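Asks: Following this line is query29.cif, made up of mmCIF, C-alpha atoms and all ligand atoms:
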data_start
loop_
_atom_site.label_atom_id
_atom_site.label_comp_id
_atom_site.auth_asym_id
_atom_site.auth_seq_id
_atom_site.Cartn_x
_atom_site.Cartn_y
_atom_site.Cartn_z
CA MET G 768 -18.49 -18.67 -9.92
CA ASP G 769 -18.79 -15.61 -12.20
CA GLU G 770 -15.70 -13.55 -12.77
CA PRO G 771 -15.59 -10.69 -10.26
CA ILE G 772 -16.56 -7.31 -11.66
CA LEU G 773 -13.50 -5.91 -9.91
CA ASP G 774 -10.41 -7.88 -9.01
CA ILE G 775 -7.66 -6.14 -7.08
CA ARG G 776 -4.41 -7.96 -6.30
CA GLY G 777 -1.49 -6.84 -4.16
CA LEU G 778 -2.33 -3.19 -4.71
CA GLU G 779 0.19 -0.76 -3.29
CA LYS G 780 0.35 2.98 -3.11
CA THR G 781 3.16 4.89 -1.51
CA TYR G 782 2.68 8.66 -1.81
CA ARG G 783 5.62 10.84 -2.65
CA GLY G 784 6.15 11.89 0.96
CA GLY G 785 6.58 8.20 1.86
CA VAL G 786 3.10 7.49 3.28
CA LYS G 787 2.12 3.92 2.44
CA ALA G 788 -1.62 4.35 1.90
CA LEU G 789 -2.21 0.90 0.37
CA ASP G 790 -0.13 -2.02 1.51
CA GLY G 791 -0.88 -5.09 -0.59
CA VAL G 792 -4.67 -4.89 -0.96
CA ASP G 793 -6.46 -7.93 -2.37
CA LEU G 794 -10.18 -7.50 -3.01
CA GLU G 795 -12.76 -9.13 -5.25
CA ILE G 796 -16.11 -7.46 -5.85
CA ARG G 797 -19.00 -9.59 -7.14
CA ARG G 798 -21.27 -8.38 -9.87
CA GLY G 799 -24.51 -6.96 -8.45
CA GLU G 800 -23.53 -6.69 -4.82
CA ILE G 801 -23.46 -3.79 -2.42
CA PHE G 802 -20.06 -3.83 -0.77
CA ALA G 803 -19.29 -1.59 2.19
CA LEU G 804 -15.70 -0.65 2.81
CA LEU G 805 -15.20 0.35 6.42
CA GLY G 806 -12.14 1.89 7.93
CA PRO G 807 -11.05 4.66 10.27
CA ASN G 808 -9.78 8.02 8.97
CA GLY G 809 -6.69 7.63 6.86
CA ALA G 810 -7.19 3.88 6.36
CA GLY G 811 -6.76 4.12 2.59
CA LYS G 812 -10.37 3.99 1.37
CA THR G 813 -10.24 7.08 -0.83
CA THR G 814 -6.84 6.07 -2.18
CA LEU G 815 -8.24 2.67 -3.14
CA ILE G 816 -11.19 4.25 -4.94
CA GLY G 817 -8.84 6.74 -6.58
CA ALA G 818 -6.64 3.93 -7.84
CA VAL G 819 -9.60 2.17 -9.48
CA CYS G 820 -10.98 5.40 -10.93
CA GLY G 821 -7.64 6.58 -12.28
CA MET G 822 -6.99 9.54 -10.00
CA VAL G 823 -4.23 7.79 -8.07
CA ARG G 824 -1.41 5.91 -9.77
CA PRO G 825 -0.67 2.68 -7.87
CA THR G 826 2.95 1.90 -7.07
CA GLY G 827 2.37 -1.86 -7.24
CA GLY G 828 -0.16 -4.62 -7.85
CA MET G 829 -2.89 -4.90 -10.44
CA ILE G 830 -6.53 -4.01 -10.99
CA ARG G 831 -8.84 -5.88 -13.35
CA ALA G 832 -12.30 -4.47 -13.95
CA PHE G 833 -14.95 -6.14 -16.09
CA GLY G 834 -12.32 -8.76 -16.98
CA MET G 835 -9.97 -6.10 -18.38
CA ASP G 836 -6.59 -5.01 -17.12
CA MET G 837 -7.19 -1.44 -16.00
CA GLU G 838 -3.77 -0.27 -17.05
CA ARG G 839 -4.15 -1.50 -20.64
CA HIS G 840 -7.87 -0.89 -21.15
CA TRP G 841 -8.23 2.10 -18.94
CA LYS G 842 -10.57 4.14 -21.11
CA THR G 843 -13.06 1.35 -21.85
CA ALA G 844 -13.13 0.20 -18.24
CA ARG G 845 -13.42 3.72 -16.81
CA ARG G 846 -16.54 4.40 -18.89
CA LYS G 847 -18.33 1.64 -17.02
CA ILE G 848 -17.48 3.14 -13.63
CA GLY G 849 -19.32 5.90 -11.81
CA LEU G 850 -17.87 7.81 -8.89
CA VAL G 851 -19.57 9.94 -6.30
CA PRO G 852 -16.64 11.56 -4.49
CA GLN G 853 -16.65 12.75 -0.91
CA GLU G 854 -16.30 16.39 -1.83
CA LEU G 855 -19.07 18.13 -3.72
CA SER G 856 -17.60 19.27 -7.01
CA PHE G 857 -19.53 21.13 -9.68
CA ASP G 858 -20.15 24.48 -11.19
CA MET G 859 -22.46 25.95 -8.57
CA PHE G 860 -23.91 28.43 -11.08
CA ASP G 861 -24.87 25.71 -13.53
CA LYS G 862 -28.36 24.25 -13.62
CA VAL G 863 -29.03 20.70 -12.52
CA GLN G 864 -30.03 19.15 -15.84
CA ARG G 865 -27.28 20.86 -17.83
CA GLN G 866 -24.66 19.68 -15.40
CA VAL G 867 -25.84 16.05 -15.54
CA ARG G 868 -26.04 16.21 -19.33
CA PHE G 869 -22.49 17.58 -19.41
CA SER G 870 -21.21 14.71 -17.26
CA ARG G 871 -22.66 12.18 -19.69
CA GLY G 872 -20.86 13.93 -22.54
CA MET G 873 -17.57 13.86 -20.60
CA PHE G 874 -17.63 10.07 -20.83
CA GLY G 875 -18.12 10.20 -24.55
CA CYS G 876 -21.72 8.95 -24.41
CA PRO G 877 -24.11 10.18 -27.08
CA PRO G 878 -26.79 12.60 -25.83
CA ASP G 879 -29.85 10.85 -24.46
CA GLU G 880 -32.39 13.23 -22.98
CA ALA G 881 -34.74 10.40 -22.02
CA ARG G 882 -31.99 8.81 -19.95
CA ILE G 883 -31.10 12.11 -18.26
CA GLU G 884 -34.78 12.58 -17.39
CA GLU G 885 -34.96 9.05 -16.01
CA VAL G 886 -31.90 9.63 -13.80
CA LEU G 887 -33.23 12.96 -12.53
CA ARG G 888 -36.65 11.52 -11.83
CA SER G 889 -35.22 8.51 -9.98
CA LEU G 890 -33.41 10.91 -7.63
CA SER G 891 -36.42 13.22 -7.23
CA LEU G 892 -34.50 15.97 -9.03
CA TRP G 893 -36.75 16.40 -12.06
CA ASP G 894 -38.63 19.32 -10.50
CA LYS G 895 -35.29 20.98 -9.78
CA ARG G 896 -33.83 20.46 -13.26
CA ASP G 897 -33.71 24.18 -14.03
CA VAL G 898 -32.53 25.29 -10.62
CA GLN G 899 -28.98 26.56 -10.13
CA ILE G 900 -27.03 24.06 -8.08
CA ARG G 901 -25.96 26.69 -5.52
CA GLU G 902 -29.63 27.14 -4.57
CA LEU G 903 -30.08 23.50 -3.57
CA SER G 904 -29.82 22.13 -0.03
CA GLY G 905 -26.75 20.05 0.88
CA GLY G 906 -28.69 16.80 0.53
CA MET G 907 -30.04 17.79 -2.86
CA LYS G 908 -26.54 18.75 -4.02
CA ARG G 909 -25.41 15.28 -3.03
CA ARG G 910 -28.17 13.84 -5.18
CA VAL G 911 -26.92 15.86 -8.11
CA MET G 912 -23.51 14.26 -7.54
CA ILE G 913 -25.16 10.85 -7.76
CA ALA G 914 -27.09 11.87 -10.88
CA LYS G 915 -23.83 12.99 -12.51
CA ALA G 916 -22.18 9.69 -11.63
CA LEU G 917 -25.12 7.77 -13.12
CA SER G 918 -25.42 9.86 -16.25
CA HIS G 919 -23.28 7.50 -18.34
CA ASP G 920 -24.98 4.32 -17.05
CA PRO G 921 -22.09 2.84 -15.08
CA GLU G 922 -22.12 -0.83 -14.17
CA LEU G 923 -19.99 -0.20 -11.12
CA LEU G 924 -20.64 2.74 -8.82
CA PHE G 925 -18.38 4.05 -6.06
CA LEU G 926 -19.97 6.10 -3.34
CA ASP G 927 -17.36 7.68 -1.09
CA GLU G 928 -19.15 8.60 2.13
CA PRO G 929 -22.47 9.14 0.35
CA THR G 930 -24.35 10.31 3.40
CA ALA G 931 -21.70 12.30 5.27
CA GLY G 932 -23.33 15.34 6.81
CA VAL G 933 -26.79 14.34 5.66
CA ASP G 934 -29.65 14.18 8.18
CA VAL G 935 -31.17 10.87 9.21
CA GLU G 936 -34.27 11.19 7.06
CA LEU G 937 -32.34 12.01 3.93
CA ARG G 938 -29.86 9.27 4.72
CA ARG G 939 -32.66 6.69 4.76
CA ASP G 940 -33.94 8.15 1.53
CA MET G 941 -30.48 7.74 -0.01
CA TRP G 942 -30.37 4.14 1.16
CA ARG G 943 -33.59 3.52 -0.72
CA GLN G 944 -32.07 5.09 -3.83
CA ILE G 945 -28.97 2.93 -3.52
CA ASP G 946 -31.14 -0.15 -3.10
CA ALA G 947 -33.07 0.77 -6.22
CA LEU G 948 -29.79 1.04 -8.14
CA ARG G 949 -28.82 -2.41 -7.00
CA ASP G 950 -32.21 -3.67 -8.20
CA ARG G 951 -31.30 -2.27 -11.60
CA GLY G 952 -28.14 -4.36 -11.59
CA VAL G 953 -25.56 -1.70 -10.62
CA THR G 954 -22.74 -3.01 -8.45
CA ILE G 955 -22.10 -0.63 -5.59
CA ILE G 956 -19.05 -0.06 -3.44
CA LEU G 957 -19.58 2.41 -0.65
CA THR G 958 -17.30 3.73 2.01
CA THR G 959 -18.88 4.92 5.17
CA HIS G 960 -18.19 6.01 8.70
CA TYR G 961 -21.76 5.17 9.64
CA ILE G 962 -21.54 1.50 10.50
CA GLU G 963 -25.33 1.47 10.68
CA GLU G 964 -25.24 2.19 6.97
CA ALA G 965 -23.13 -0.89 6.27
CA GLU G 966 -25.33 -2.94 8.58
CA GLU G 967 -28.45 -1.80 6.79
CA MET G 968 -27.31 -1.84 3.19
CA ALA G 969 -24.37 -4.07 2.48
CA ASP G 970 -24.30 -7.66 1.30
CA ARG G 971 -20.64 -7.89 2.14
CA VAL G 972 -18.35 -5.83 4.28
CA GLY G 973 -14.61 -5.23 4.09
CA VAL G 974 -12.57 -3.65 6.83
CA ILE G 975 -9.44 -1.73 5.88
CA ASN G 976 -6.92 -0.16 8.22
CA LYS G 977 -3.48 1.28 7.56
CA GLY G 978 -3.66 0.25 3.93
CA LYS G 979 -4.39 -3.40 4.64
CA VAL G 980 -7.65 -5.27 4.26
CA LEU G 981 -8.23 -6.94 7.60
CA LEU G 982 -11.40 -8.81 6.78
CA VAL G 983 -13.89 -9.37 3.98
CA ASP G 984 -17.01 -11.43 4.44
CA ASP G 985 -20.78 -11.57 4.17
CA LYS G 986 -22.26 -9.23 6.73
CA SER G 987 -24.20 -12.06 8.36
CA ALA G 988 -21.08 -14.26 8.53
CA ILE G 989 -19.16 -11.46 10.24
CA MET G 990 -21.93 -11.05 12.76
CA SER G 991 -22.04 -14.75 13.53
CA LYS G 992 -18.28 -15.25 13.62
CA LEU G 993 -17.37 -12.14 15.56
CA GLY G 994 -20.61 -11.18 17.29
CA ARG G 995 -20.61 -11.31 21.07
CA THR G 996 -23.12 -11.22 23.89
CA GLU G 997 -22.42 -9.12 26.94
CA ALA G 998 -24.47 -9.60 30.10
CA HIS G 999 -24.11 -7.65 33.33
CA PHE G 1000 -25.42 -9.33 36.48
CA THR G 1001 -25.77 -6.80 39.31
CA LEU G 1002 -25.14 -8.82 42.45
CA ALA G 1003 -27.07 -8.42 45.70
CA GLU G 1004 -23.81 -8.90 47.67
CA PRO G 1005 -20.30 -8.11 46.39
CA MET G 1006 -18.40 -11.21 45.31
CA VAL G 1007 -14.71 -11.65 46.16
CA ASN G 1008 -13.85 -14.46 43.77
CA ILE G 1009 -15.76 -16.13 40.96
CA PRO G 1010 -16.84 -19.57 42.29
CA ALA G 1011 -14.97 -22.51 40.73
CA ALA G 1012 -18.34 -24.00 39.71
CA LEU G 1013 -18.73 -21.13 37.24
CA SER G 1014 -15.25 -21.37 35.73
CA ASP G 1015 -16.66 -22.75 32.45
CA TYR G 1016 -18.13 -19.35 31.64
CA PRO G 1017 -16.22 -16.34 30.30
CA LEU G 1018 -16.76 -14.15 33.38
CA THR G 1019 -15.11 -11.15 34.95
CA LEU G 1020 -15.87 -9.19 38.10
CA GLU G 1021 -16.12 -5.43 38.04
CA GLY G 1022 -17.53 -2.62 40.19
CA GLU G 1023 -15.70 -3.84 43.32
CA GLY G 1024 -17.31 -7.24 43.02
CA THR G 1025 -20.87 -6.01 42.52
CA CYS G 1026 -21.06 -6.65 38.80
CA LEU G 1027 -20.47 -10.05 37.25
CA ILE G 1028 -19.93 -9.74 33.53
CA TYR G 1029 -20.34 -12.41 30.89
CA ARG G 1030 -18.69 -11.72 27.54
CA GLY G 1031 -19.05 -14.59 25.12
CA GLY G 1032 -21.13 -16.24 22.46
CA ASP G 1033 -20.63 -15.96 18.75
CA GLY G 1034 -23.59 -14.07 17.36
CA THR G 1035 -25.53 -17.28 16.62
CA GLY G 1036 -27.63 -17.17 19.80
CA LYS G 1037 -25.10 -19.17 21.81
CA GLY G 1038 -24.43 -16.18 24.06
CA LYS G 1039 -28.10 -15.73 24.94
CA ARG G 1040 -28.43 -19.44 25.76
CA GLU G 1041 -25.33 -19.35 27.96
CA VAL G 1042 -26.59 -16.27 29.79
CA ALA G 1043 -29.95 -17.98 30.52
CA ASP G 1044 -28.04 -21.04 31.70
CA LEU G 1045 -25.74 -18.93 33.82
CA ALA G 1046 -28.69 -17.18 35.51
CA GLN G 1047 -29.97 -20.57 36.67
CA ARG G 1048 -26.50 -21.67 37.76
CA LEU G 1049 -26.06 -18.52 39.84
CA THR G 1050 -29.35 -19.18 41.61
CA ARG G 1051 -28.31 -22.79 42.23
CA GLU G 1052 -24.95 -21.62 43.63
CA GLY G 1053 -26.81 -19.26 45.97
CA VAL G 1054 -25.56 -16.10 44.23
CA ALA G 1055 -28.39 -13.56 44.25
CA PHE G 1056 -28.55 -10.88 41.57
CA ILE G 1057 -30.86 -7.89 41.47
CA GLY G 1058 -30.39 -6.84 37.87
CA LEU G 1059 -29.48 -8.28 34.50
CA ASP G 1060 -28.60 -6.29 31.37
CA THR G 1061 -27.88 -8.16 28.17
CA ARG G 1062 -26.79 -6.77 24.87
CA GLU G 1063 -25.67 -8.23 21.55
CA SER G 1064 -22.71 -6.65 19.82
CA THR G 1065 -23.33 -4.62 16.71
CA LEU G 1066 -21.22 -4.42 13.60
CA GLU G 1067 -19.78 -1.26 15.13
CA ASP G 1068 -18.47 -3.12 18.21
CA ILE G 1069 -16.99 -5.76 15.94
CA PHE G 1070 -15.34 -3.12 13.79
CA VAL G 1071 -13.85 -1.28 16.76
CA ASP G 1072 -12.57 -4.54 18.31
CA LEU G 1073 -11.06 -5.57 15.01
CA VAL G 1074 -9.24 -2.32 14.35
CA GLU G 1075 -8.03 -2.08 17.97
CA ASP G 1076 -6.89 -5.73 18.05
CA LYS G 1077 -4.80 -5.32 14.96
CA GLU G 1078 -3.34 -2.09 16.31
CA GLU G 1079 -2.34 -3.88 19.53
CA GLN G 1080 -0.82 -6.75 17.57
CA ALA G 1081 1.16 -4.31 15.47
CA ALA G 1082 2.43 -2.40 18.53
N1 LIG O 1 -2.16 13.09 -2.12
C1 LIG O 1 -1.63 12.60 -1.03
N2 LIG O 1 -0.33 12.78 -0.72
C2 LIG O 1 0.22 12.26 0.38
N3 LIG O 1 -0.44 11.49 1.29
C3 LIG O 1 -1.74 11.25 1.05
C4 LIG O 1 -2.41 11.78 -0.12
N4 LIG O 1 -3.71 11.38 -0.09
C5 LIG O 1 -3.83 10.64 1.03
N5 LIG O 1 -2.65 10.55 1.70
C6 LIG O 1 -2.42 9.79 2.95
O1 LIG O 1 -2.70 8.43 2.68
C7 LIG O 1 -3.34 7.80 3.80
C8 LIG O 1 -4.68 7.24 3.37
O2 LIG O 1 -5.56 8.32 3.06
P1 LIG O 1 -7.03 8.09 2.44
O3 LIG O 1 -7.55 9.45 2.13
O4 LIG O 1 -6.94 7.10 1.37
O5 LIG O 1 -7.78 7.47 3.69
P2 LIG O 1 -9.35 7.30 3.95
O6 LIG O 1 -9.52 5.93 4.50
O7 LIG O 1 -10.11 7.64 2.73
O8 LIG O 1 -9.61 8.39 5.08
P3 LIG O 1 -10.95 9.25 5.41
O9 LIG O 1 -11.91 8.28 6.02
O10 LIG O 1 -10.41 10.22 6.42
O11 LIG O 1 -11.41 9.87 4.14
C9 LIG O 1 -3.44 8.88 4.86
O12 LIG O 1 -2.32 8.74 5.73
C10 LIG O 1 -3.35 10.17 4.08
O13 LIG O 1 -2.82 11.22 4.86
#
Represent the structure from my file as structure tokens, please.
Ligand SMILES: Nc1ncnc2c1ncn2[C@@H]1O[C@H](COP(=O)(O)OP(=O)(O)OP(=O)(O)O)[C@@H](O)[C@H]1O
Replies:
Amino acid sequence: MDEPILDIRGLEKTYRGGVKALDGVDLEIRRGEIFALLGPNGAGKTTLIGAVCGMVRPTGGMIRAFGMDMERHWKTARRKIGLVPQELSFDMFDKVQRQVRFSRGMFGCPPDEARIEEVLRSLSLWDKRDVQIRELSGGMKRRVMIAKALSHDPELLFLDEPTAGVDVELRRDMWRQIDALRDRGVTIILTTHYIEEAEEMADRVGVINKGKVLLVDDKSAIMSKLGRTEAHFTLAEPMVNIPAALSDYPLTLEGEGTCLIYRGGDGTGKGKREVADLAQRLTREGVAFIGLDTRESTLEDIFVDLVEDKEEQAA
């Protein structure tokens, strides 16, 4: 397999006050992928990005980017990285094109007006090139942040909460932009609170909590390994005990015996098959039901279960 574009091993960061924000993080990012890093507030996502981008000094471990040790070849490696931080940061009185041009210069790249135009056009900012940034809408300002991060043609792009506070339409628009970047060969690591975003965009997903990476896998593999089916049978008559004949199924009784709940399956369709089977078995056992609600778990359910499970284990 190709060498990962980013290879993080045993990364640690303990802040001066004693907070351990990264606790032995191992992570490999493949060239050309979109990787979504999910985690609750304070999980360590921004610290991890900061460590790779040189804003946070790790207290342990190592980072290799593009096959280079980041500590030794920091300047060369950093030039190939783009960062769109969570917070909007620019001179609000500056004009769009000037600001993007300036960013390119900051990375020591020679001026290239054609490239700046291309970046602005790809983000639908060309018409706004002479507008002061303060006059733009929040979503447009965010686009300028992306344009700045792309101005020096990075191979690896970090997007820290790229669509926070952006309306649904603009969010979808951003997703299209991110997809287009991937098509151009840019590797993308995004952090997000919108699990839908990870579900929609990412090739692989990593879950981080309390400075530890809990899981990294292909999105589809996560869904099939950890996905669940939940079915609620509303019973015609309350049930006191689950009949022994149904003990093979993962069932619980709720609602004072009026709701029989199946929670099982593995995201591969097994759950749906078992629920269909169970419906027939109930009829055969003479258990009448007047309603059936079935739902498949989403990446969000999986994420919440995962973070809660680990918290319980740690308690
Ligand atoms: N400069 C700092 N000094 C001390 N502690 C910090 C500093 N920056 C972050 N922390 C702490 O480190 C932990 C991880 O924070 P981090 O910002 O990396 O999390 P996050 O996953 O990005 O959170 P969010 O989703 O809220 O942005 C938190 O407990 C945070 O309070």
Asks: Within 10 Å of stretch 802-807 of chain G, counting only C-alpha atoms, which residues qualify if same-chain residues fewer than 4 places away don't, as JSON, numbers by chain?
Replies: {"G": [796, 797, 811, 812, 925, 926, 927, 928, 954, 955, 956, 957, 958, 959, 960, 961, 962, 964, 965, 966, 968, 969, 970, 971, 972, 973, 974, 975, 976, 977, 978, 979, 980, 981, 982, 983, 984, 985, 986, 1067, 1070, 1071, 1074]}
Asks: For ligand LIG 1 (chain O), list the contacting residues at 7 Å or closer, counting only C-alpha atoms and all ligand atoms, as a PDB file with C-alpha atoms, in the coordinates of the input.
Replies:
ATOM      1  CA  TYR G 782       2.680   8.660  -1.810  1.00  0.00           C
ATOM      2  CA  ARG G 783       5.620  10.840  -2.650  1.00  0.00           C
ATOM      3  CA  GLY G 784       6.150  11.890   0.960  1.00  0.00           C
ATOM      4  CA  VAL G 786       3.100   7.490   3.280  1.00  0.00           C
ATOM      5  CA  LYS G 787       2.120   3.920   2.440  1.00  0.00           C
ATOM      6  CA  ALA G 788      -1.620   4.350   1.900  1.00  0.00           C
ATOM      7  CA  GLY G 806     -12.140   1.890   7.930  1.00  0.00           C
ATOM      8  CA  PRO G 807     -11.050   4.660  10.270  1.00  0.00           C
ATOM      9  CA  ASN G 808      -9.780   8.020   8.970  1.00  0.00           C
ATOM     10  CA  GLY G 809      -6.690   7.630   6.860  1.00  0.00           C
ATOM     11  CA  ALA G 810      -7.190   3.880   6.360  1.00  0.00           C
ATOM     12  CA  GLY G 811      -6.760   4.120   2.590  1.00  0.00           C
ATOM     13  CA  LYS G 812     -10.370   3.990   1.370  1.00  0.00           C
ATOM     14  CA  THR G 813     -10.240   7.080  -0.830  1.00  0.00           C
ATOM     15  CA  THR G 814      -6.840   6.070  -2.180  1.00  0.00           C
ATOM     16  CA  LEU G 815      -8.240   2.670  -3.140  1.00  0.00           C
TER      17      LEU G 815
END
Asks: Counting only C-alpha atoms, which residue out of G:Glu1063, G:Val863, G:Met907, G:Asp1015 sits closest to G:Leu937?
Replies: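 The shortest atom-to-atom distance to G:Leu937 comes from G:Met907.
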Asks: Would you list the contacts of G:Thr996 as a VMD selection string, taking every protein, DNA or RNA residue within 12 Å and counting all atoms listed in the file, but skipping same-chain residues closer than 2 positions in sequence?
Replies: chain G and resid 990 to 991 993 to 994 998 to 999 1017 to 1018 1028 to 1043 1060 to 1065 1068 to 1069
Asks: For stretch 821-833 of chain G, find every residue with an atom within 8 Å (counting only C-alpha atoms), except residues of its own chain fewer than 4 positions away, and show them as a PDB file with C-alpha atoms, in the frame of the given file.
Replies:
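Writing the result to result31.pdb gives the following:
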ATOM      1  CA  PRO G 771     -15.590 -10.690 -10.260  1.00  0.00           C
ATOM      2  CA  ILE G 772     -16.560  -7.310 -11.660  1.00  0.00           C
ATOM      3  CA  LEU G 773     -13.500  -5.910  -9.910  1.00  0.00           C
ATOM      4  CA  ASP G 774     -10.410  -7.880  -9.010  1.00  0.00           C
ATOM      5  CA  ILE G 775      -7.660  -6.140  -7.080  1.00  0.00           C
ATOM      6  CA  ARG G 776      -4.410  -7.960  -6.300  1.00  0.00           C
ATOM      7  CA  GLY G 777      -1.490  -6.840  -4.160  1.00  0.00           C
ATOM      8  CA  LEU G 778      -2.330  -3.190  -4.710  1.00  0.00           C
ATOM      9  CA  GLU G 779       0.190  -0.760  -3.290  1.00  0.00           C
ATOM     10  CA  LYS G 780       0.350   2.980  -3.110  1.00  0.00           C
ATOM     11  CA  THR G 781       3.160   4.890  -1.510  1.00  0.00           C
ATOM     12  CA  GLY G 791      -0.880  -5.090  -0.590  1.00  0.00           C
ATOM     13  CA  THR G 814      -6.840   6.070  -2.180  1.00  0.00           C
ATOM     14  CA  GLY G 817      -8.840   6.740  -6.580  1.00  0.00           C
ATOM     15  CA  MET G 837      -7.190  -1.440 -16.000  1.00  0.00           C
ATOM     16  CA  GLU G 838      -3.770  -0.270 -17.050  1.00  0.00           C
ATOM     17  CA  ALA G 844     -13.130   0.200 -18.240  1.00  0.00           C
ATOM     18  CA  ARG G 845     -13.420   3.720 -16.810  1.00  0.00           C
TER      19      ARG G 845
END
Asks: Could you check how far atom CA of G:Asp920 sits from atom CA of G:Gly849, in Å to one decimal?
Replies: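 Distance between the two atoms: 7.9 Å.
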Asks: What is the atom CA of G:Arg995-atom CA of G:Leu1045 distance in Å, reported with one decimal?
Replies: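 Pair atom CA of G:Arg995 / atom CA of G:Leu1045 returns 15.7 Å.
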Asks: Which value, in Å to one decimal, gives the distance between atom CA of G:Asp879 and atom CA of G:Leu850?
Replies: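 These two atoms are separated by 19.9 Å.
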Asks: Excluding same-chain residues fewer than 5 positions from G:Glu884, what lies within 9 Å of it counting all atoms listed in the file, as a list in words?
Replies: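 Near G:Glu884, the qualifying residues are Gln864, Asp879, Ser889, Trp893 and Arg896 of chain G.
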